[in-house]
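Text of data_3.cif, listed as mmCIF, C-alpha atoms and all ligand atoms:
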```
data_start
loop_
_atom_site.label_atom_id
_atom_site.label_comp_id
_atom_site.auth_asym_id
_atom_site.auth_seq_id
_atom_site.Cartn_x
_atom_site.Cartn_y
_atom_site.Cartn_z
CA MET L 289 -11.51 -13.63 -6.50
CA ALA L 290 -8.47 -12.22 -4.67
CA GLN L 291 -5.35 -14.31 -4.26
CA GLN L 292 -3.81 -15.22 -0.93
CA LEU L 293 -0.57 -13.52 -0.02
CA LEU L 294 1.48 -16.06 1.90
CA ASP L 295 4.92 -15.68 3.42
CA LYS L 296 7.56 -18.40 3.86
CA PHE L 297 5.90 -19.53 7.07
CA GLN L 298 2.45 -19.87 5.51
CA ARG L 299 1.16 -16.76 7.25
CA ASN L 300 -1.55 -15.03 5.27
CA ILE L 301 -0.89 -11.31 4.81
CA GLU L 302 -4.25 -9.57 4.74
CA TYR L 303 -3.72 -6.36 6.66
CA MET L 304 -1.80 -3.20 5.75
CA ARG L 305 -0.94 -0.41 8.15
CA ILE L 306 -0.30 2.81 6.30
CA SER L 307 1.57 5.74 7.75
CA VAL L 308 0.18 8.78 5.97
CA THR L 309 2.61 11.25 7.53
CA ASP L 310 5.61 11.29 9.86
CA ASN L 311 4.32 14.55 11.35
CA CYS L 312 2.71 14.52 14.76
CA ASN L 313 1.10 17.10 17.01
CA LEU L 314 2.53 15.36 20.11
CA ARG L 315 6.01 14.43 21.31
CA CYS L 316 5.45 11.25 23.32
CA VAL L 317 8.42 10.18 25.44
CA TYR L 318 8.56 6.64 24.05
CA CYS L 319 7.92 7.55 20.44
CA ASN L 320 8.71 10.94 19.05
CA THR L 321 11.48 12.72 20.86
CA SER L 322 13.95 13.41 18.12
CA THR L 323 14.47 16.73 16.46
CA LYS L 324 15.06 14.92 13.17
CA GLN L 325 13.66 16.70 10.14
CA HIS L 326 10.28 15.61 8.92
CA LEU L 327 9.92 14.31 5.39
CA ASN L 328 9.66 16.85 2.63
CA HIS L 329 6.24 17.04 1.04
CA VAL L 330 7.60 15.71 -2.24
CA ASP L 331 8.94 12.57 -0.54
CA VAL L 332 5.60 11.61 0.96
CA LEU L 333 3.36 9.32 -1.07
CA SER L 334 0.41 11.12 -2.61
CA TYR L 335 -3.11 9.83 -1.98
CA GLU L 336 -3.18 8.54 -5.55
CA GLU L 337 0.03 6.59 -4.97
CA ILE L 338 -1.23 5.12 -1.70
CA ALA L 339 -4.54 4.14 -3.32
CA ARG L 340 -2.70 2.44 -6.18
CA VAL L 341 -0.64 0.33 -3.75
CA VAL L 342 -3.79 -0.59 -1.83
CA ARG L 343 -5.66 -1.52 -5.00
CA ILE L 344 -2.88 -3.89 -6.02
CA ALA L 345 -2.52 -5.29 -2.49
CA ALA L 346 -6.30 -5.80 -2.30
CA HIS L 347 -6.11 -7.87 -5.46
CA MET L 348 -3.50 -9.98 -3.66
CA GLY L 349 -5.73 -10.59 -0.64
CA VAL L 350 -5.29 -7.57 1.65
CA HIS L 351 -8.74 -6.56 2.93
CA SER L 352 -8.06 -4.48 6.00
CA ILE L 353 -6.36 -1.08 6.23
CA ARG L 354 -5.26 0.96 9.22
CA LEU L 355 -4.21 4.58 8.79
CA THR L 356 -1.59 5.75 11.20
CA GLY L 357 1.47 7.97 11.43
CA GLY L 358 2.82 10.26 12.83
CA GLU L 359 -0.64 11.56 13.49
CA PRO L 360 -2.95 10.73 10.58
CA THR L 361 -5.42 13.52 11.33
CA VAL L 362 -2.80 16.20 10.70
CA ARG L 363 -2.44 15.25 7.05
CA PRO L 364 -4.70 17.63 5.13
CA HIS L 365 -7.90 16.21 3.67
CA ILE L 366 -7.36 12.72 5.04
CA GLU L 367 -11.08 12.11 4.40
CA LYS L 368 -10.27 12.18 0.69
CA LEU L 369 -7.87 9.23 1.07
CA ILE L 370 -10.45 7.32 3.12
CA GLU L 371 -13.02 7.82 0.36
CA MET L 372 -10.53 6.58 -2.23
CA LEU L 373 -9.67 3.48 -0.19
CA ARG L 374 -13.33 2.82 0.54
CA SER L 375 -14.06 2.51 -3.15
CA ILE L 376 -11.41 -0.18 -3.72
CA GLU L 377 -12.89 -3.60 -4.29
CA GLY L 378 -11.89 -6.05 -1.57
CA ILE L 379 -11.21 -3.48 1.16
CA ASN L 380 -13.80 -4.13 3.83
CA ASP L 381 -12.34 -2.50 6.93
CA ILE L 382 -10.67 0.90 7.32
CA SER L 383 -9.51 1.93 10.76
CA MET L 384 -7.26 4.61 12.20
CA THR L 385 -4.87 4.94 15.12
CA THR L 386 -4.96 8.49 16.45
CA ASN L 387 -4.27 10.56 19.53
CA ALA L 388 -7.85 11.95 19.17
CA ILE L 389 -6.81 15.58 19.56
CA ARG L 390 -8.59 16.54 16.34
CA LEU L 391 -11.51 14.14 16.58
CA THR L 392 -13.97 16.64 18.02
CA GLU L 393 -13.89 18.51 14.74
CA MET L 394 -13.22 15.53 12.45
CA ALA L 395 -15.02 12.42 13.76
CA GLN L 396 -18.21 12.97 11.78
CA SER L 397 -16.45 13.69 8.49
CA LEU L 398 -14.12 10.72 8.94
CA LYS L 399 -17.10 8.46 9.50
CA LYS L 400 -18.91 9.92 6.52
CA ALA L 401 -15.85 9.34 4.32
CA GLY L 402 -15.95 5.64 5.21
CA LEU L 403 -13.76 5.19 8.28
CA ASN L 404 -15.09 2.26 10.30
CA ARG L 405 -13.40 2.65 13.65
CA VAL L 406 -10.58 4.23 15.66
CA ASN L 407 -7.99 3.18 18.19
CA ILE L 408 -7.11 6.07 20.47
CA SER L 409 -3.84 6.42 22.33
CA LEU L 410 -4.17 7.59 25.93
CA ASP L 411 -1.67 6.81 28.67
CA THR L 412 -2.91 8.89 31.58
CA PHE L 413 -5.97 10.71 32.94
CA LYS L 414 -3.85 13.32 34.71
CA ALA L 415 -3.43 16.62 32.89
CA GLU L 416 0.03 17.41 34.14
CA ARG L 417 1.25 13.89 33.46
CA TYR L 418 -0.24 13.98 29.97
CA THR L 419 1.81 17.06 29.26
CA GLN L 420 4.94 15.39 30.63
CA MET L 421 4.41 12.21 28.63
CA CYS L 422 3.12 13.71 25.39
CA GLY L 423 4.71 17.14 25.31
CA PHE L 424 1.56 19.26 25.14
CA ASN L 425 -1.36 20.08 27.40
CA ARG L 426 -4.06 18.47 25.26
CA ILE L 427 -5.80 15.98 27.51
CA THR L 428 -9.12 17.83 27.40
CA ASP L 429 -9.10 17.63 23.60
CA VAL L 430 -8.38 13.91 23.79
CA LEU L 431 -11.22 13.17 26.20
CA GLN L 432 -13.61 15.24 24.09
CA GLY L 433 -12.29 13.50 20.99
CA ILE L 434 -13.10 10.11 22.49
CA GLU L 435 -16.69 11.23 23.07
CA ALA L 436 -16.91 12.65 19.54
CA ALA L 437 -15.69 9.35 18.07
CA LYS L 438 -18.34 7.46 20.04
CA GLN L 439 -21.05 9.89 18.91
CA ALA L 440 -19.95 9.50 15.30
CA GLY L 441 -20.23 5.71 15.55
CA LEU L 442 -16.53 4.94 15.03
CA ASN L 443 -16.98 1.63 16.82
CA PRO L 444 -15.65 -0.48 18.36
CA LEU L 445 -13.51 2.23 19.84
CA LYS L 446 -10.36 0.99 21.55
CA ILE L 447 -8.03 2.84 23.90
CA ASN L 448 -4.31 2.03 23.62
CA THR L 449 -2.28 2.53 26.76
CA VAL L 450 1.48 2.15 26.99
CA VAL L 451 2.43 1.56 30.61
CA LEU L 452 5.81 2.86 31.79
CA ARG L 453 7.26 1.93 35.16
CA GLY L 454 7.36 4.81 37.58
CA VAL L 455 5.58 7.06 35.08
CA ASN L 456 1.94 5.95 34.69
CA ASP L 457 1.84 2.43 36.14
CA ASP L 458 -0.16 3.75 39.09
CA GLU L 459 -3.09 4.31 36.68
CA VAL L 460 -3.41 0.73 35.41
CA LEU L 461 -6.46 0.12 37.59
CA ASP L 462 -8.09 3.44 36.62
CA PHE L 463 -7.99 2.39 32.97
CA ALA L 464 -9.33 -1.08 33.79
CA ARG L 465 -12.21 0.46 35.77
CA LYS L 466 -13.18 2.46 32.69
CA SER L 467 -14.03 -0.80 30.95
CA PHE L 468 -16.59 -1.35 33.68
CA THR L 469 -17.92 2.15 34.26
CA ASP L 470 -17.85 3.49 30.69
CA GLY L 471 -17.71 0.36 28.54
CA TRP L 472 -14.24 1.23 27.27
CA ASN L 473 -12.17 -1.34 25.38
CA VAL L 474 -8.80 -0.74 26.96
CA ARG L 475 -5.63 -2.33 25.63
CA TYR L 476 -2.37 -2.31 27.51
CA ILE L 477 0.68 -2.30 25.26
CA GLU L 478 4.23 -3.14 26.25
CA GLU L 479 6.77 -0.45 25.46
CA MET L 480 9.05 -1.48 22.61
CA PRO L 481 12.70 -0.45 22.32
CA LEU L 482 12.59 1.55 19.11
CA VAL L 483 14.68 4.46 17.89
CA ASP L 484 13.86 7.84 19.49
CA ASN L 485 13.01 6.15 22.72
CA PRO L 486 15.75 7.41 25.01
CA ASN L 487 13.55 6.93 28.02
CA GLY L 488 13.08 3.29 27.10
CA HIS L 489 13.43 0.27 29.30
CA LYS L 490 10.54 1.31 31.51
CA MET L 491 8.44 -1.47 30.09
CA VAL L 492 5.88 -3.09 32.40
CA SER L 493 5.00 -6.59 31.22
CA ILE L 494 1.41 -7.48 30.40
CA CYS L 495 1.72 -10.35 32.87
CA GLU L 496 2.38 -7.88 35.66
CA ILE L 497 -0.47 -5.62 34.54
CA ARG L 498 -2.90 -8.51 34.36
CA GLU L 499 -1.87 -9.73 37.80
CA SER L 500 -2.41 -6.28 39.27
CA ILE L 501 -5.90 -6.03 37.74
CA GLU L 502 -6.92 -9.50 38.90
CA ASN L 503 -5.56 -8.95 42.42
CA ASN L 504 -7.42 -5.68 42.81
CA LEU L 505 -10.53 -5.80 40.61
CA GLY L 506 -11.30 -9.47 40.21
CA TYR L 507 -10.99 -12.34 37.76
CA LEU L 508 -10.58 -11.49 34.09
CA GLU L 509 -12.70 -13.78 31.98
CA PRO L 510 -11.50 -14.42 28.42
CA CYS L 511 -13.87 -12.84 25.93
CA TYR L 512 -14.59 -12.66 22.26
CA THR L 513 -12.00 -10.79 20.26
CA SER L 514 -13.74 -7.66 19.05
CA LYS L 515 -13.44 -6.65 15.41
CA GLY L 516 -9.86 -6.24 14.33
CA CYS L 517 -6.83 -7.95 12.86
CA GLY L 518 -4.51 -7.33 15.75
CA PRO L 519 -2.56 -9.31 18.29
CA ALA L 520 -4.44 -8.40 21.50
CA LYS L 521 -5.81 -11.04 23.85
CA TYR L 522 -9.14 -9.89 25.27
CA PHE L 523 -10.75 -10.33 28.69
CA ARG L 524 -13.45 -8.67 30.72
CA LEU L 525 -14.22 -8.00 34.35
CA SER L 526 -17.34 -9.82 35.42
CA GLY L 527 -20.45 -7.87 34.39
CA SER L 528 -18.47 -5.32 32.41
CA ARG L 529 -19.65 -3.89 29.06
CA GLY L 530 -16.15 -3.11 27.91
CA SER L 531 -13.09 -5.27 27.48
CA ILE L 532 -9.49 -5.36 28.57
CA GLY L 533 -6.85 -6.36 26.05
CA PHE L 534 -3.19 -7.16 26.40
CA ILE L 535 -0.60 -6.65 23.68
CA GLY L 536 2.79 -7.99 24.65
CA PRO L 537 5.21 -7.57 21.76
CA VAL L 538 8.16 -8.02 24.12
CA THR L 539 7.14 -10.78 26.54
CA ASP L 540 4.37 -12.47 24.55
CA CYS L 541 5.69 -12.50 20.98
CA PHE L 542 2.82 -12.80 18.50
CA CYS L 543 4.89 -12.94 15.32
CA GLU L 544 3.62 -16.46 14.70
CA LYS L 545 0.22 -14.98 13.88
CA CYS L 546 1.47 -11.87 12.08
CA ASN L 547 -0.76 -10.97 9.15
CA ARG L 548 0.51 -7.52 8.20
CA PHE L 549 2.71 -5.16 6.24
CA ARG L 550 3.55 -1.56 7.03
CA LEU L 551 3.77 1.14 4.40
CA THR L 552 5.77 4.17 5.53
CA ALA L 553 4.84 7.72 4.58
CA ASP L 554 7.79 7.80 2.15
CA GLY L 555 6.63 4.67 0.40
CA LYS L 556 8.74 1.88 1.88
CA LEU L 557 6.94 -1.39 2.45
CA ARG L 558 8.14 -3.06 5.65
CA PRO L 559 7.57 -6.74 6.17
CA CYS L 560 8.13 -6.49 9.94
CA LEU L 561 7.91 -3.69 12.52
CA LEU L 562 10.91 -4.94 14.45
CA TYR L 563 13.37 -5.37 11.58
CA ASP L 564 14.85 -2.66 9.38
CA ASP L 565 14.15 -4.40 6.05
CA GLU L 566 12.15 -2.35 3.55
CA VAL L 567 11.19 -2.50 -0.10
CA ASP L 568 11.07 0.80 -1.96
CA LEU L 569 7.67 1.11 -3.59
CA ARG L 570 7.95 4.85 -4.11
CA GLN L 571 10.83 4.51 -6.51
CA ALA L 572 8.87 1.90 -8.45
CA LEU L 573 5.68 3.98 -8.40
CA ARG L 574 7.48 7.07 -9.65
CA GLY L 575 9.67 5.16 -12.07
CA GLY L 576 6.74 3.97 -14.14
CA ALA L 577 6.40 0.43 -12.75
CA SER L 578 3.45 -1.56 -14.03
CA ASP L 579 0.87 -3.12 -11.71
CA VAL L 580 2.49 -6.51 -12.30
CA GLU L 581 5.88 -5.14 -11.26
CA LEU L 582 4.41 -3.60 -8.12
CA GLU L 583 2.64 -6.86 -7.36
CA SER L 584 5.97 -8.62 -7.61
CA LEU L 585 7.57 -6.17 -5.13
CA ILE L 586 4.72 -6.73 -2.70
CA GLN L 587 5.14 -10.49 -3.07
CA GLN L 588 8.87 -10.08 -2.49
CA THR L 589 8.16 -8.17 0.73
CA ALA L 590 5.96 -11.00 1.97
CA ILE L 591 8.78 -13.48 1.35
CA MET L 592 11.13 -11.25 3.37
CA LYS L 593 9.03 -11.56 6.53
CA HIS L 594 11.05 -12.96 9.41
CA GLU L 595 9.76 -15.82 11.49
CA LYS L 596 9.86 -13.72 14.65
CA HIS L 597 11.52 -10.72 16.23
CA GLN L 598 14.73 -10.95 18.24
CA LEU L 599 14.08 -8.56 21.09
CA ALA L 600 14.93 -11.30 23.59
CA ASP L 601 18.46 -11.28 22.14
CA ASN L 602 18.56 -7.50 22.33
CA ILE L 603 18.29 -7.17 18.57
CA ALA L 604 16.03 -4.24 17.74
CA PRO L 605 15.64 -2.11 14.64
CA HIS L 606 17.74 1.03 14.55
CA GLY L 607 16.67 2.72 11.32
CA ARG L 608 13.40 4.44 12.08
CA SER L 609 11.38 5.60 15.06
CA MET L 610 7.76 4.58 15.56
CA ARG L 611 6.71 8.00 14.27
CA GLN L 612 8.53 7.28 11.04
CA ILE L 613 7.33 3.70 10.64
CA GLY L 614 3.74 4.13 11.66
CA GLY L 615 2.70 2.50 14.92
N1 LIG E 701 -0.35 9.46 16.46
C1 LIG E 701 -1.16 8.30 16.53
C2 LIG E 701 -1.41 7.90 17.95
O1 LIG E 701 -0.92 8.57 18.86
O2 LIG E 701 -2.14 6.93 18.16
C3 LIG E 701 -0.69 7.13 15.70
C4 LIG E 701 0.77 6.84 15.67
S1 LIG E 701 1.44 6.19 17.17
C5 LIG E 701 3.11 5.88 16.65
C6 LIG E 701 0.66 4.61 17.21
C7 LIG E 701 0.79 3.84 18.49
O3 LIG E 701 2.12 3.45 18.70
C8 LIG E 701 0.35 4.58 19.72
O4 LIG E 701 -0.69 3.86 20.35
C9 LIG E 701 1.57 4.62 20.58
O5 LIG E 701 1.27 4.53 21.93
C10 LIG E 701 2.34 3.41 20.08
N2 LIG E 701 3.78 3.49 20.32
C11 LIG E 701 4.64 4.44 19.92
N3 LIG E 701 5.89 4.16 20.33
C12 LIG E 701 5.83 3.01 21.02
C13 LIG E 701 6.78 2.21 21.69
N4 LIG E 701 8.08 2.54 21.76
N5 LIG E 701 6.35 1.06 22.28
C14 LIG E 701 5.04 0.71 22.22
N6 LIG E 701 4.09 1.44 21.60
C15 LIG E 701 4.48 2.57 21.01
#
```
Rewrite the structure from the file as structure tokens, please.
Amino acid sequence: MAQQLLDKFQRNIEYMRISVTDNCNLRCVYCNTSTKQHLNHVDVLSYEEIARVVRIAAHMGVHSIRLTGGEPTVRPHIEKLIEMLRSIEGINDISMTTNAIRLTEMAQSLKKAGLNRVNISLDTFKAERYTQMCGFNRITDVLQGIEAAKQAGLNPLKINTVVLRGVNDDEVLDFARKSFTDGWNVRYIEEMPLVDNPNGHKMVSICEIRESIENNLGYLEPCYTSKGCGPAKYFRLSGSRGSIGFIGPVTDCFCEKCNRFRLTADGKLRPCLLYDDEVDLRQALRGGASDVELESLIQQTAIMKHEKHQLADNIAPHGRSMRQIGG
């Protein structure tokens, strides 16, 4: 029977987000704009090292894993890691956050390896705007990738949309309509002020987005939270198959319910996204640490979790970008 991993505030840590690479095939304006060097291959955790951390964390009560990055599908043979994680006792949910560019070719093999579901990032339906926001003209690949993920049964599929004022806020209703017409599960996410986000401060609050949807498309009825460990609050338009979720890290702080760690591609375990604290697992892994020693470092990371972020006081992390942490 697995233990419970509790922090100082009695929150149960049961979810680990793992960045498998800091490489990405896009350059999104709010995420990945720096020309900073990527990690050297030797500095990135191997699949064996990641699986060892997950095995120990699973013994401590972690049961849900999300693979992210950078872009997780650009790490070679990612299916191999999924297979390894799938075989770990106690892990019952493996998901991925991806830009979907490579899903047309990979969705079936990811599913076969044991991936349960995907969250796909898409901020616009307009080709030219996609190129402006993400750096490359890949929207056709993304839309095909979404279809491929559905076909492969990577469900429930969720679409993550970051809304920026004056950039894509005129498409809020188009995304909401997709929940009705195509059964999409759309989630609006507030832009966070992280490193490499020079175009920041264009955040549109979830309150404003919700108001706009209700004023134009009708009442949003609260609905069952679909499978996941995340902070979104879910609603639906009357008669809709899909859902509409709101994630408001800035204006609707959900730290109180935080249940997660983040493992960076270079093996640092972060207790909180919005603080710079990290515990170096890679050094321990490569220095011959025993499972008990690694367990103790994981426990220590849980204890380091802060009660809540301090964005309201303009205190934001300055060490790593989202690409480097793993969104
Ligand atoms: N490459 C993958 C993708 O595009 O989904 C996974 C990594 S990406 C860093 C994960 C998520 O973080 C994306 O949904 C992205 O929109 C979100 N994200 C990145 N920077 C952000 C920021 N400054 N504020 C809010 N969300 C952000």
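The gap separating atom CA of L:Asn443 from atom CA of L:Gly533 is 15.9 Å, in Å to one decimal.
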Compile a residue-level contact table for chain L against ligand LIG 701 (chain E) at a cut-off of 9 Å, reporting for every qualifying residue the shortest atom pair and its distance in Å to one decimal, with all atoms listed in the file counted, rows ordered by chain and ascending number, as JSON lines.
```
{"residue": "L:Ser307", "atom": "CA", "partner": "E:LIG701", "partner_atom": "C4", "distance": 8.0}
{"residue": "L:Asp310", "atom": "CA", "partner": "E:LIG701", "partner_atom": "C4", "distance": 8.8}
{"residue": "L:Asn311", "atom": "CA", "partner": "E:LIG701", "partner_atom": "N1", "distance": 8.6}
{"residue": "L:Cys312", "atom": "CA", "partner": "E:LIG701", "partner_atom": "N1", "distance": 6.2}
{"residue": "L:Asn313", "atom": "CA", "partner": "E:LIG701", "partner_atom": "N1", "distance": 7.8}
{"residue": "L:Leu314", "atom": "CA", "partner": "E:LIG701", "partner_atom": "N1", "distance": 7.5}
{"residue": "L:Cys316", "atom": "CA", "partner": "E:LIG701", "partner_atom": "C11", "distance": 7.7}
{"residue": "L:Val317", "atom": "CA", "partner": "E:LIG701", "partner_atom": "N3", "distance": 8.3}
{"residue": "L:Tyr318", "atom": "CA", "partner": "E:LIG701", "partner_atom": "N4", "distance": 4.7}
{"residue": "L:Cys319", "atom": "CA", "partner": "E:LIG701", "partner_atom": "N3", "distance": 4.0}
{"residue": "L:Asn320", "atom": "CA", "partner": "E:LIG701", "partner_atom": "N3", "distance": 7.5}
{"residue": "L:Leu355", "atom": "CA", "partner": "E:LIG701", "partner_atom": "C3", "distance": 8.2}
{"residue": "L:Thr356", "atom": "CA", "partner": "E:LIG701", "partner_atom": "C3", "distance": 4.8}
{"residue": "L:Gly357", "atom": "CA", "partner": "E:LIG701", "partner_atom": "C4", "distance": 4.4}
{"residue": "L:Gly358", "atom": "CA", "partner": "E:LIG701", "partner_atom": "N1", "distance": 4.9}
{"residue": "L:Glu359", "atom": "CA", "partner": "E:LIG701", "partner_atom": "N1", "distance": 3.6}
{"residue": "L:Pro360", "atom": "CA", "partner": "E:LIG701", "partner_atom": "N1", "distance": 6.6}
{"residue": "L:Thr361", "atom": "CA", "partner": "E:LIG701", "partner_atom": "N1", "distance": 8.3}
{"residue": "L:Met384", "atom": "CA", "partner": "E:LIG701", "partner_atom": "C3", "distance": 7.9}
{"residue": "L:Thr385", "atom": "CA", "partner": "E:LIG701", "partner_atom": "O2", "distance": 4.5}
{"residue": "L:Thr386", "atom": "CA", "partner": "E:LIG701", "partner_atom": "O2", "distance": 3.6}
{"residue": "L:Asn387", "atom": "CA", "partner": "E:LIG701", "partner_atom": "O1", "distance": 4.0}
{"residue": "L:Ala388", "atom": "CA", "partner": "E:LIG701", "partner_atom": "O2", "distance": 7.7}
{"residue": "L:Asn407", "atom": "CA", "partner": "E:LIG701", "partner_atom": "O2", "distance": 6.9}
{"residue": "L:Ile408", "atom": "CA", "partner": "E:LIG701", "partner_atom": "O2", "distance": 5.5}
{"residue": "L:Ser409", "atom": "CA", "partner": "E:LIG701", "partner_atom": "O4", "distance": 4.5}
{"residue": "L:Leu410", "atom": "CA", "partner": "E:LIG701", "partner_atom": "O5", "distance": 7.4}
{"residue": "L:Asp411", "atom": "CA", "partner": "E:LIG701", "partner_atom": "O5", "distance": 7.7}
{"residue": "L:Ile447", "atom": "CA", "partner": "E:LIG701", "partner_atom": "O4", "distance": 8.2}
{"residue": "L:Asn448", "atom": "CA", "partner": "E:LIG701", "partner_atom": "O4", "distance": 5.2}
{"residue": "L:Thr449", "atom": "CA", "partner": "E:LIG701", "partner_atom": "O5", "distance": 6.3}
{"residue": "L:Val450", "atom": "CA", "partner": "E:LIG701", "partner_atom": "O5", "distance": 5.6}
{"residue": "L:Val451", "atom": "CA", "partner": "E:LIG701", "partner_atom": "C14", "distance": 8.8}
{"residue": "L:Ile477", "atom": "CA", "partner": "E:LIG701", "partner_atom": "C14", "distance": 6.1}
{"residue": "L:Glu478", "atom": "CA", "partner": "E:LIG701", "partner_atom": "C14", "distance": 5.6}
{"residue": "L:Glu479", "atom": "CA", "partner": "E:LIG701", "partner_atom": "N5", "distance": 3.5}
{"residue": "L:Met480", "atom": "CA", "partner": "E:LIG701", "partner_atom": "N5", "distance": 3.7}
{"residue": "L:Pro481", "atom": "CA", "partner": "E:LIG701", "partner_atom": "N4", "distance": 5.5}
{"residue": "L:Leu482", "atom": "CA", "partner": "E:LIG701", "partner_atom": "N4", "distance": 5.3}
{"residue": "L:Val483", "atom": "CA", "partner": "E:LIG701", "partner_atom": "N4", "distance": 7.9}
{"residue": "L:Asp484", "atom": "CA", "partner": "E:LIG701", "partner_atom": "N4", "distance": 8.2}
{"residue": "L:Asn485", "atom": "CA", "partner": "E:LIG701", "partner_atom": "N4", "distance": 6.2}
{"residue": "L:Gly488", "atom": "CA", "partner": "E:LIG701", "partner_atom": "N4", "distance": 7.4}
{"residue": "L:Met491", "atom": "CA", "partner": "E:LIG701", "partner_atom": "N5", "distance": 8.5}
{"residue": "L:Pro537", "atom": "CA", "partner": "E:LIG701", "partner_atom": "C14", "distance": 8.3}
{"residue": "L:Ser609", "atom": "CA", "partner": "E:LIG701", "partner_atom": "N3", "distance": 7.7}
{"residue": "L:Met610", "atom": "CA", "partner": "E:LIG701", "partner_atom": "C5", "distance": 4.9}
{"residue": "L:Arg611", "atom": "CA", "partner": "E:LIG701", "partner_atom": "C5", "distance": 4.8}
{"residue": "L:Gln612", "atom": "CA", "partner": "E:LIG701", "partner_atom": "C5", "distance": 7.9}
{"residue": "L:Ile613", "atom": "CA", "partner": "E:LIG701", "partner_atom": "C5", "distance": 7.7}
{"residue": "L:Gly614", "atom": "CA", "partner": "E:LIG701", "partner_atom": "C5", "distance": 5.3}
{"residue": "L:Gly615", "atom": "CA", "partner": "E:LIG701", "partner_atom": "C6", "distance": 3.7}
```
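Taking atom CA of L:Arg315 and atom CA of L:Val460 as endpoints, the distance between them is 21.8 Å.
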Rounded to one decimal place, report the atom CA of L:Glu581-atom CA of L:Ile344 distance in Å.
-> 10.3 Å
Nearby residues (all atoms listed in the file) at most 10 Å from L:Ser397, same-chain spacing under 6 positions excluded, as a VMD selection string | chain L and resid 366 to 367 391 403 440
Save out the residues we just selected, C-alpha atoms, as a PDB file, in the frame of the given file.
```pdb
ATOM      1  CA  ILE L 366      -7.360  12.720   5.040  1.00  0.00           C
ATOM      2  CA  GLU L 367     -11.080  12.110   4.400  1.00  0.00           C
ATOM      3  CA  LEU L 391     -11.510  14.140  16.580  1.00  0.00           C
ATOM      4  CA  LEU L 403     -13.760   5.190   8.280  1.00  0.00           C
ATOM      5  CA  ALA L 440     -19.950   9.500  15.300  1.00  0.00           C
TER       6      ALA L 440
END
```
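Near stretch 592-599 of chain L, within 8 Å and counting only C-alpha atoms, sit L:Asp295, L:Lys296, L:Phe297, L:Val538, L:Cys541, L:Cys543, L:Glu544, L:Pro559, L:Cys560, L:Leu562, L:Tyr563, L:Asp565, L:Ala604, not including residues fewer than 5 positions from it in the same chain.
With distances restricted to only C-alpha atoms, L:Glu502 is the closest residue to L:Arg465 from L:Glu371, L:Glu377, L:Asp579, L:Glu502.
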L:His351: which residues within 10 Å, counting all atoms listed in the file, same-chain residues fewer than 4 positions away excluded, as a PyMOL selection string?
-> chain L and resi 290+301-304+342-343+345-347+376-382
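Take the candidates L:Cys546, L:Leu551, L:Ile603, L:Leu557 and check each one against L:Asn300 using all atoms listed in the file; the shortest distance goes to L:Cys546.
Considering the residues L:Leu505, L:Ile497, L:Val341, L:Ile370 and counting all atoms listed in the file, L:Asp568 has its shortest atom-to-atom contact with L:Val341.
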Shortest contact to L:Arg299, candidates L:Ser352, L:Ser334, L:Asn547, L:Gln432, atoms counted only C-alpha atoms, goes to L:Asn547
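In this comparison, which uses only C-alpha atoms, the residue of L:Met348, L:Lys438, L:Val430, L:Leu569 approaching L:Thr552 most closely is L:Leu569.
You can rank L:Cys422, L:Val330, L:Gln439, L:Asp429 by their closest distance to L:Ala395 using all atoms listed in the file, and at the top of that list sits L:Gln439.
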Assuming 4 Å of padding per side, give the centre and edge lengths of the axis-aligned box around every listed atom of stretch 492-496 of chain L, in Å to one decimal and as JSON.
```
{"center_x": 3.6, "center_y": -6.7, "center_z": 33.0, "size_x": 12.5, "size_y": 15.3, "size_z": 13.3}
```
